[in-house]
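Participant: Next up is a structure, given as structure tokens.
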Amino acid sequence: MRHQRGLRVLLLSGVLGALAPQVTRGDDLADKIQQMEQQLQEMKRELEAQRAEQRQASEARQAKEAAAKEAAAREAAAKEAVTKEVAKPVYRELLDRVKVGGYGSFRFESNSLPSVNNTFTLRRVVMTTDANIAPRLRSYFEIEYERFRQLELEKSFTGQDGGLQTETAVEGTNDSELSLEQAWLQYDLADWAKLRMGAILVPLGRFNLRHDDNLWDLPRRSLVDRGVPVIPVAAAWDELGAGFNGDIPFSDSWLANYQLYVMNGVSLNSDTELIAQSRQGDTTLNEIEVKVSPQTGTFDLDNKDAKGLSGRFALSPSLNGEIATSFYWGRYTPDFLPAQNLYSISGDGRWDFGFFEVEGEYVYTHFAGVEDVVRGFAQHAISTESENESETLENEVEFELANLATDKQGYWIELRHRFWPAFLNRTVLGSPFKNPQLIGVFRAEQVWLGDFVTEADFTNSVLTQLDTQNRYVNRFTVGLAYRPVPLVVFQLAYEYTQTNNGESLAGVTNYLPAGTTQNTANAILVGTAFGF
């Protein structure tokens, strides 16, 4: 047993001795494999690092190339801009700063008054320029050609038969007028303080500021502002002066606007009409009518040595509407007549209710001391009528005081409905316009004149007769307008006008030559107006 046990121990020792080298060689192999894996990982990391460096280099190279291309493009654009600027004509530079625009209007009228023939009328053509001279500096110019086609003047100054001969001939169209409506310079000190100087529209009421014909859907201007002017001078009324205007935002939706100006102001002035006609034999009668009425103040020396003041304050709660109040105050008599003032106050507004709109204006004007003014005028004019007669020539001069009343007041209100039937899109009225409109319009107007001067007679500088009346004028108009685009309108309207029973419309309106007892008039108006 001991022998067998020893044999077993000997055998086991041999086996272990034989296996020992193999175990050692297996451990070395594992170590080598591990080393190889480590080397492989290091090679991978080095490869990734090399690739990253290559990517960064490539990206840097691409960025450099892109920057170079962009710099080259900017340089080329700058060179091109300089070339264009150098080559750009002067007129192109002018057009970049100056906007040329204007508007025009025409009308056909058929009236029930026999003295108003069915007629076409060129209402007016107006040209405007709006120039941005420099940052904060702006100028505006507007000139009107009313019923105007031509004006021709011929003059000669010669010596004949040892003497001198001078001839003057003037040719023009009937009722023509060429007038400067606006010409001012504005310096924008801030949004709420803009200094404006020059010929400025008087901010009394909304119509005088927005009188462009293409802005309205009826082919006749309102009574208050034009036909029986309640404002001191018929629209478009401008004066020479200076002042401030600006916008004051109260919130994101509430915006206020104001205008305040000092100006030469309204003054009584004269218009002279010469009527030459033949009488019996070789005697020629010259009738000279001198009409004295309130007119726009002078654009030269102020003949009143006093200034007028006018302002307007408007508030817009939203884009849908505006309400405003305005005023005018100043002396209206020249310095050779008694000093008397006039004042006007107005309220106006506009509001949109979807497809319905309401717009209107009220004006009240008071002329102080009308009778004193007439007496003072009589002292200088001596007599209402005067005559001077020779063997072949007789001259008659007649003075008339017009448009004078102690109190004037009136209003107009317009209701509009904008609509467009879908089936018209496929007609010439709808195509190719983007948003054409039909507008139904109703305008109601009334004017009241208190102590309106109808006749003033004076002899040897003494007032002998002063007649006044209380008069009124009502007018109602319904119409339909078509606007293919916002700046162009075609108009169709019917209007009815009425004044006191037994009186004449001619005595209170400046556009209806009615007979002595014709107190009503019916008219069909067809018009068009355009802006650009």
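Letters for chains follow the order of the structure tokens (A, B, ...), residue numbers begin at 1 for each chain, and ligand numbers begin at 1 in the order shown.
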Please build the interface table for range 264-381 of chain A against range 237-257 of chain A with a cut-off of 12 Å, listing for each qualifying residue the nearest atom pair and the distance in Å to one decimal; count only C-alpha atoms, order rows by chain and increasing number, and write it as a Markdown table.

Facilitator:
```
| residue | atom | partner | partner_atom | distance |
| --- | --- | --- | --- | --- |
| A:Asn264 | CA | A:Leu240 | CA | 5.9 |
| A:Gly265 | CA | A:Glu239 | CA | 6.2 |
| A:Val266 | CA | A:Glu239 | CA | 8.0 |
| A:Ser267 | CA | A:Glu239 | CA | 10.8 |
| A:Pro294 | CA | A:Trp237 | CA | 11.5 |
| A:Gln295 | CA | A:Trp237 | CA | 9.0 |
| A:Thr296 | CA | A:Glu239 | CA | 6.4 |
| A:Gly297 | CA | A:Glu239 | CA | 6.3 |
| A:Thr298 | CA | A:Leu240 | CA | 7.6 |
| A:Phe299 | CA | A:Leu240 | CA | 6.0 |
| A:Asp300 | CA | A:Leu240 | CA | 8.9 |
| A:Leu301 | CA | A:Leu240 | CA | 10.9 |
| A:Asp302 | CA | A:Leu240 | CA | 10.0 |
| A:Lys307 | CA | A:Gly241 | CA | 9.1 |
| A:Gly308 | CA | A:Gly241 | CA | 9.0 |
| A:Leu309 | CA | A:Gly241 | CA | 9.4 |
| A:Ser310 | CA | A:Gly243 | CA | 9.5 |
| A:Gly311 | CA | A:Asn245 | CA | 9.2 |
| A:Arg312 | CA | A:Asn257 | CA | 8.1 |
| A:Phe313 | CA | A:Asn257 | CA | 5.9 |
| A:Ala314 | CA | A:Asn257 | CA | 5.1 |
| A:Leu315 | CA | A:Ala256 | CA | 4.5 |
| A:Ser316 | CA | A:Leu255 | CA | 5.2 |
| A:Pro317 | CA | A:Trp254 | CA | 4.4 |
| A:Ser318 | CA | A:Ser253 | CA | 5.3 |
| A:Leu319 | CA | A:Ser253 | CA | 7.9 |
| A:Asn320 | CA | A:Ser253 | CA | 10.4 |
| A:Gly321 | CA | A:Trp254 | CA | 10.5 |
| A:Glu322 | CA | A:Ala256 | CA | 9.3 |
| A:Ile323 | CA | A:Ala256 | CA | 9.8 |
| A:Ala324 | CA | A:Asn257 | CA | 9.1 |
| A:Thr325 | CA | A:Asn257 | CA | 10.9 |
| A:Ser326 | CA | A:Asn257 | CA | 11.6 |
| A:Tyr328 | CA | A:Glu239 | CA | 11.7 |
```

Participant: Residues of range 91-291 of chain A classed as strand (DSSP E) by DSSP on the backbone are to be reported as a ChimeraX atom specification.

Facilitator: /A:98-111,119-134,137-146,151-160,163-172,177-190,193-201,238-249,255-263,267-278,284-291

Participant: Calculate how many Å separate CA of Thr459 in chain A from CA of Arg375 in chain A, rounding to one decimal.

Facilitator: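 A separation of 11.0 Å between them.
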
Participant: Please provide as a VMD selection string all residues within 8 Å of range 335-351 of chain A, with the sequence filter that same-chain residues fewer than 2 positions apart are discarded (counting only C-alpha atoms).

Facilitator: chain A and resid 204 to 206 231 to 232 303 to 305 320 to 333 353 357 to 369 372 to 373 376 to 377

Participant: With N, CA and C atoms retained, could you export that selection as a short mmCIF file (atom, residue, chain, number, x, y, z; two decimals), in the first residue's frame?

Facilitator:
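The new file again35.cif reads:
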```
data_model
loop_
_atom_site.label_atom_id
_atom_site.label_comp_id
_atom_site.auth_asym_id
_atom_site.auth_seq_id
_atom_site.Cartn_x
_atom_site.Cartn_y
_atom_site.Cartn_z
N LEU A 204 -59.23 123.49 -40.90
CA LEU A 204 -60.59 123.69 -40.39
C LEU A 204 -61.51 122.67 -41.05
N GLY A 205 -61.93 121.65 -40.29
CA GLY A 205 -62.77 120.60 -40.86
C GLY A 205 -61.92 119.59 -41.60
N ARG A 206 -62.53 118.45 -41.92
CA ARG A 206 -61.80 117.38 -42.57
C ARG A 206 -61.77 117.52 -44.09
N ILE A 231 -67.24 127.65 -44.13
CA ILE A 231 -65.87 128.02 -43.77
C ILE A 231 -65.58 129.38 -44.41
N PRO A 232 -64.72 130.19 -43.80
CA PRO A 232 -64.55 131.57 -44.26
C PRO A 232 -64.22 131.72 -45.74
N ASN A 303 -52.35 143.00 -45.56
CA ASN A 303 -53.09 144.26 -45.58
C ASN A 303 -53.91 144.49 -44.32
N LYS A 304 -53.83 143.58 -43.35
CA LYS A 304 -54.56 143.74 -42.09
C LYS A 304 -53.63 144.11 -40.94
N ASP A 305 -52.34 143.84 -41.10
CA ASP A 305 -51.37 143.99 -40.02
C ASP A 305 -51.84 143.22 -38.79
N ASN A 320 -60.19 102.12 -37.69
CA ASN A 320 -61.56 102.19 -38.21
C ASN A 320 -62.18 103.57 -38.13
N GLY A 321 -61.55 104.50 -37.40
CA GLY A 321 -62.24 105.78 -37.26
C GLY A 321 -61.38 106.88 -36.71
N GLU A 322 -61.98 108.09 -36.75
CA GLU A 322 -61.32 109.29 -36.26
C GLU A 322 -62.38 110.31 -35.87
N ILE A 323 -62.13 111.05 -34.80
CA ILE A 323 -62.96 112.19 -34.42
C ILE A 323 -62.03 113.38 -34.23
N ALA A 324 -62.52 114.58 -34.56
CA ALA A 324 -61.63 115.74 -34.52
C ALA A 324 -62.42 117.00 -34.24
N THR A 325 -61.72 117.99 -33.72
CA THR A 325 -62.26 119.33 -33.54
C THR A 325 -61.22 120.33 -34.04
N SER A 326 -61.68 121.46 -34.59
CA SER A 326 -60.77 122.43 -35.19
C SER A 326 -61.34 123.83 -35.05
N PHE A 327 -60.48 124.84 -35.30
CA PHE A 327 -60.93 126.23 -35.15
C PHE A 327 -60.11 127.13 -36.06
N TYR A 328 -60.66 128.35 -36.27
CA TYR A 328 -59.93 129.43 -36.93
C TYR A 328 -60.36 130.73 -36.27
N TRP A 329 -59.40 131.65 -36.06
CA TRP A 329 -59.70 132.95 -35.48
C TRP A 329 -58.76 133.98 -36.07
N GLY A 330 -59.30 135.19 -36.37
CA GLY A 330 -58.44 136.27 -36.85
C GLY A 330 -59.23 137.45 -37.38
N ARG A 331 -58.57 138.54 -37.59
CA ARG A 331 -59.18 139.74 -38.17
C ARG A 331 -59.45 139.49 -39.64
N TYR A 332 -60.60 139.99 -40.13
CA TYR A 332 -60.94 139.79 -41.55
C TYR A 332 -61.06 141.09 -42.32
N THR A 333 -60.82 142.23 -41.69
CA THR A 333 -60.96 143.52 -42.38
C THR A 333 -59.58 144.12 -42.66
N PHE A 353 -67.87 100.65 -40.20
CA PHE A 353 -68.53 99.51 -39.57
C PHE A 353 -68.55 98.36 -40.59
N GLU A 357 -69.87 102.79 -43.85
CA GLU A 357 -69.05 103.91 -43.39
C GLU A 357 -69.94 105.12 -43.12
N VAL A 358 -69.55 105.89 -42.12
CA VAL A 358 -70.21 107.16 -41.80
C VAL A 358 -69.13 108.23 -41.71
N GLU A 359 -69.35 109.35 -42.39
CA GLU A 359 -68.39 110.45 -42.35
C GLU A 359 -69.16 111.76 -42.39
N GLY A 360 -68.70 112.76 -41.62
CA GLY A 360 -69.43 114.01 -41.60
C GLY A 360 -68.62 115.15 -41.01
N GLU A 361 -69.23 116.35 -41.09
CA GLU A 361 -68.55 117.57 -40.65
C GLU A 361 -69.60 118.62 -40.30
N TYR A 362 -69.34 119.37 -39.23
CA TYR A 362 -70.17 120.52 -38.85
C TYR A 362 -69.26 121.73 -38.69
N VAL A 363 -69.71 122.91 -39.20
CA VAL A 363 -68.91 124.14 -39.10
C VAL A 363 -69.82 125.29 -38.71
N TYR A 364 -69.33 126.13 -37.79
CA TYR A 364 -70.01 127.37 -37.43
C TYR A 364 -69.02 128.51 -37.56
N THR A 365 -69.44 129.60 -38.24
CA THR A 365 -68.58 130.77 -38.44
C THR A 365 -69.34 132.03 -38.05
N HIS A 366 -68.66 132.92 -37.32
CA HIS A 366 -69.26 134.19 -36.89
C HIS A 366 -68.39 135.35 -37.37
N PHE A 367 -69.00 136.27 -38.16
CA PHE A 367 -68.35 137.50 -38.58
C PHE A 367 -68.83 138.62 -37.66
N ALA A 368 -67.93 139.20 -36.91
CA ALA A 368 -68.32 140.27 -35.98
C ALA A 368 -68.41 141.60 -36.71
N GLY A 369 -69.35 142.46 -36.25
CA GLY A 369 -69.43 143.84 -36.71
C GLY A 369 -69.67 144.02 -38.19
N ASP A 372 -70.86 147.58 -39.10
CA ASP A 372 -69.78 148.57 -38.98
C ASP A 372 -68.82 148.46 -40.16
N VAL A 373 -68.59 147.24 -40.61
CA VAL A 373 -67.71 147.06 -41.76
C VAL A 373 -68.33 147.68 -43.01
N GLY A 376 -68.02 151.44 -42.80
CA GLY A 376 -66.65 151.85 -43.09
C GLY A 376 -66.31 151.74 -44.56
N PHE A 377 -66.83 150.71 -45.21
CA PHE A 377 -66.61 150.55 -46.65
C PHE A 377 -67.27 151.69 -47.41
#
```

Participant: Kindly give the distance, in Å, that separates CA of Asn403 in chain A and CA of Leu466 in chain A, rounded to a single decimal.

Facilitator: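 If I compute the distance from CA of Asn403 in chain A to CA of Leu466 in chain A, I get 14.2 Å.
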
Participant: Just the number, please: distance in Å from CA of Glu171 in chain A to CA of Val125 in chain A, one decimal.

Facilitator: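 Separation of CA of Glu171 in chain A and CA of Val125 in chain A: 19.8 Å.
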
Participant: Mind the document's chain letters and residue numbers, and return as a PyMOL selection string the residues of range 35-200 of chain A that DSSP labels helix (DSSP H, G or I).

Facilitator: chain A and resi 35-87+90-97

Participant: Might you pull out every residue within 12 Å of Val489 in chain A, with only C-alpha atoms counted and same-chain residues fewer than 5 positions away left off, and present them as a VMD selection string?

Facilitator: chain A and resid 103 to 107 213 to 219 436 to 439 480 to 484 526 to 531

Participant: Would you please work out which residue, of A:Ala199, A:Val453, A:Ala521, A:Ala405, is nearest to Gln498 in chain A when using only C-alpha atoms?

Facilitator: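 Closest candidate: A:Ala521.
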
Participant: Can you check which parts of range 435-474 of chain A lie within 9 Å of range 407-419 of chain A? Per residue, the shortest pair of atoms and distance in Å to one decimal, counting only C-alpha atoms, sorted by chain and number, as a tab-separated table.

Facilitator:
```
residue	atom	partner	partner_atom	distance
A:Gln437	CA	A:Phe419	CA	6.0
A:Leu438	CA	A:Phe419	CA	5.4
A:Ile439	CA	A:Arg418	CA	4.5
A:Gly440	CA	A:His417	CA	5.1
A:Val441	CA	A:Arg416	CA	4.7
A:Phe442	CA	A:Leu415	CA	5.3
A:Arg443	CA	A:Glu414	CA	4.4
A:Ala444	CA	A:Ile413	CA	5.6
A:Glu445	CA	A:Trp412	CA	4.3
A:Gln446	CA	A:Gly410	CA	5.4
A:Val447	CA	A:Gly410	CA	4.1
A:Trp448	CA	A:Gln409	CA	5.4
A:Leu449	CA	A:Lys408	CA	4.7
A:Gly450	CA	A:Asp407	CA	4.8
A:Asp451	CA	A:Asp407	CA	6.9
A:Phe452	CA	A:Asp407	CA	7.8
```

Participant: Compare A:Gln150, A:Thr517, A:Asn269, A:Gln465 by their minimum atom-to-atom distance to Ala402 in chain A, counting only C-alpha atoms, and give me the closest one.

Facilitator: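 Smallest separation from Ala402 in chain A among the options: A:Asn269.
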
Participant: Which residues are close to Asn118 in chain A, i.e. within 7 Å by only C-alpha atoms, leaving aside same-chain residues fewer than 5 positions away? Reply as a list of chain:residue names.

Facilitator: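 Contacts, with the query itself left out: A:Glu109, A:Ser110, A:Asn111.
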
Participant: Give me a file of those residues, with all heavy atoms, as a short mmCIF file (atom, residue, chain, number, x, y, z; two decimals), in the first residue's frame.

Facilitator:
```cif
data_model
loop_
_atom_site.label_atom_id
_atom_site.label_comp_id
_atom_site.auth_asym_id
_atom_site.auth_seq_id
_atom_site.Cartn_x
_atom_site.Cartn_y
_atom_site.Cartn_z
N GLU A 109 -73.40 117.16 -66.42
CA GLU A 109 -74.53 117.57 -65.59
C GLU A 109 -75.75 117.87 -66.44
O GLU A 109 -75.67 118.58 -67.45
CB GLU A 109 -74.17 118.80 -64.76
CG GLU A 109 -75.31 119.31 -63.89
CD GLU A 109 -74.90 120.46 -62.99
OE1 GLU A 109 -73.69 120.81 -63.00
OE2 GLU A 109 -75.77 121.00 -62.28
N SER A 110 -76.87 117.32 -66.01
CA SER A 110 -78.17 117.66 -66.57
C SER A 110 -79.01 118.23 -65.45
O SER A 110 -79.29 117.54 -64.46
CB SER A 110 -78.84 116.42 -67.18
OG SER A 110 -80.13 116.75 -67.67
N ASN A 111 -79.41 119.51 -65.56
CA ASN A 111 -80.05 120.22 -64.47
C ASN A 111 -81.42 120.72 -64.89
O ASN A 111 -81.64 121.06 -66.06
CB ASN A 111 -79.18 121.40 -64.03
CG ASN A 111 -79.49 121.88 -62.63
OD1 ASN A 111 -80.58 122.37 -62.36
ND2 ASN A 111 -78.51 121.74 -61.74
#
```

Participant: Which is closest to Arg471 in chain A among A:Leu492, A:Leu505, A:Ala306, A:Ala78, if we use only C-alpha atoms?

Facilitator: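 Between A:Leu492, A:Leu505, A:Ala306, A:Ala78, the residue approaching Arg471 in chain A most closely is A:Leu505.
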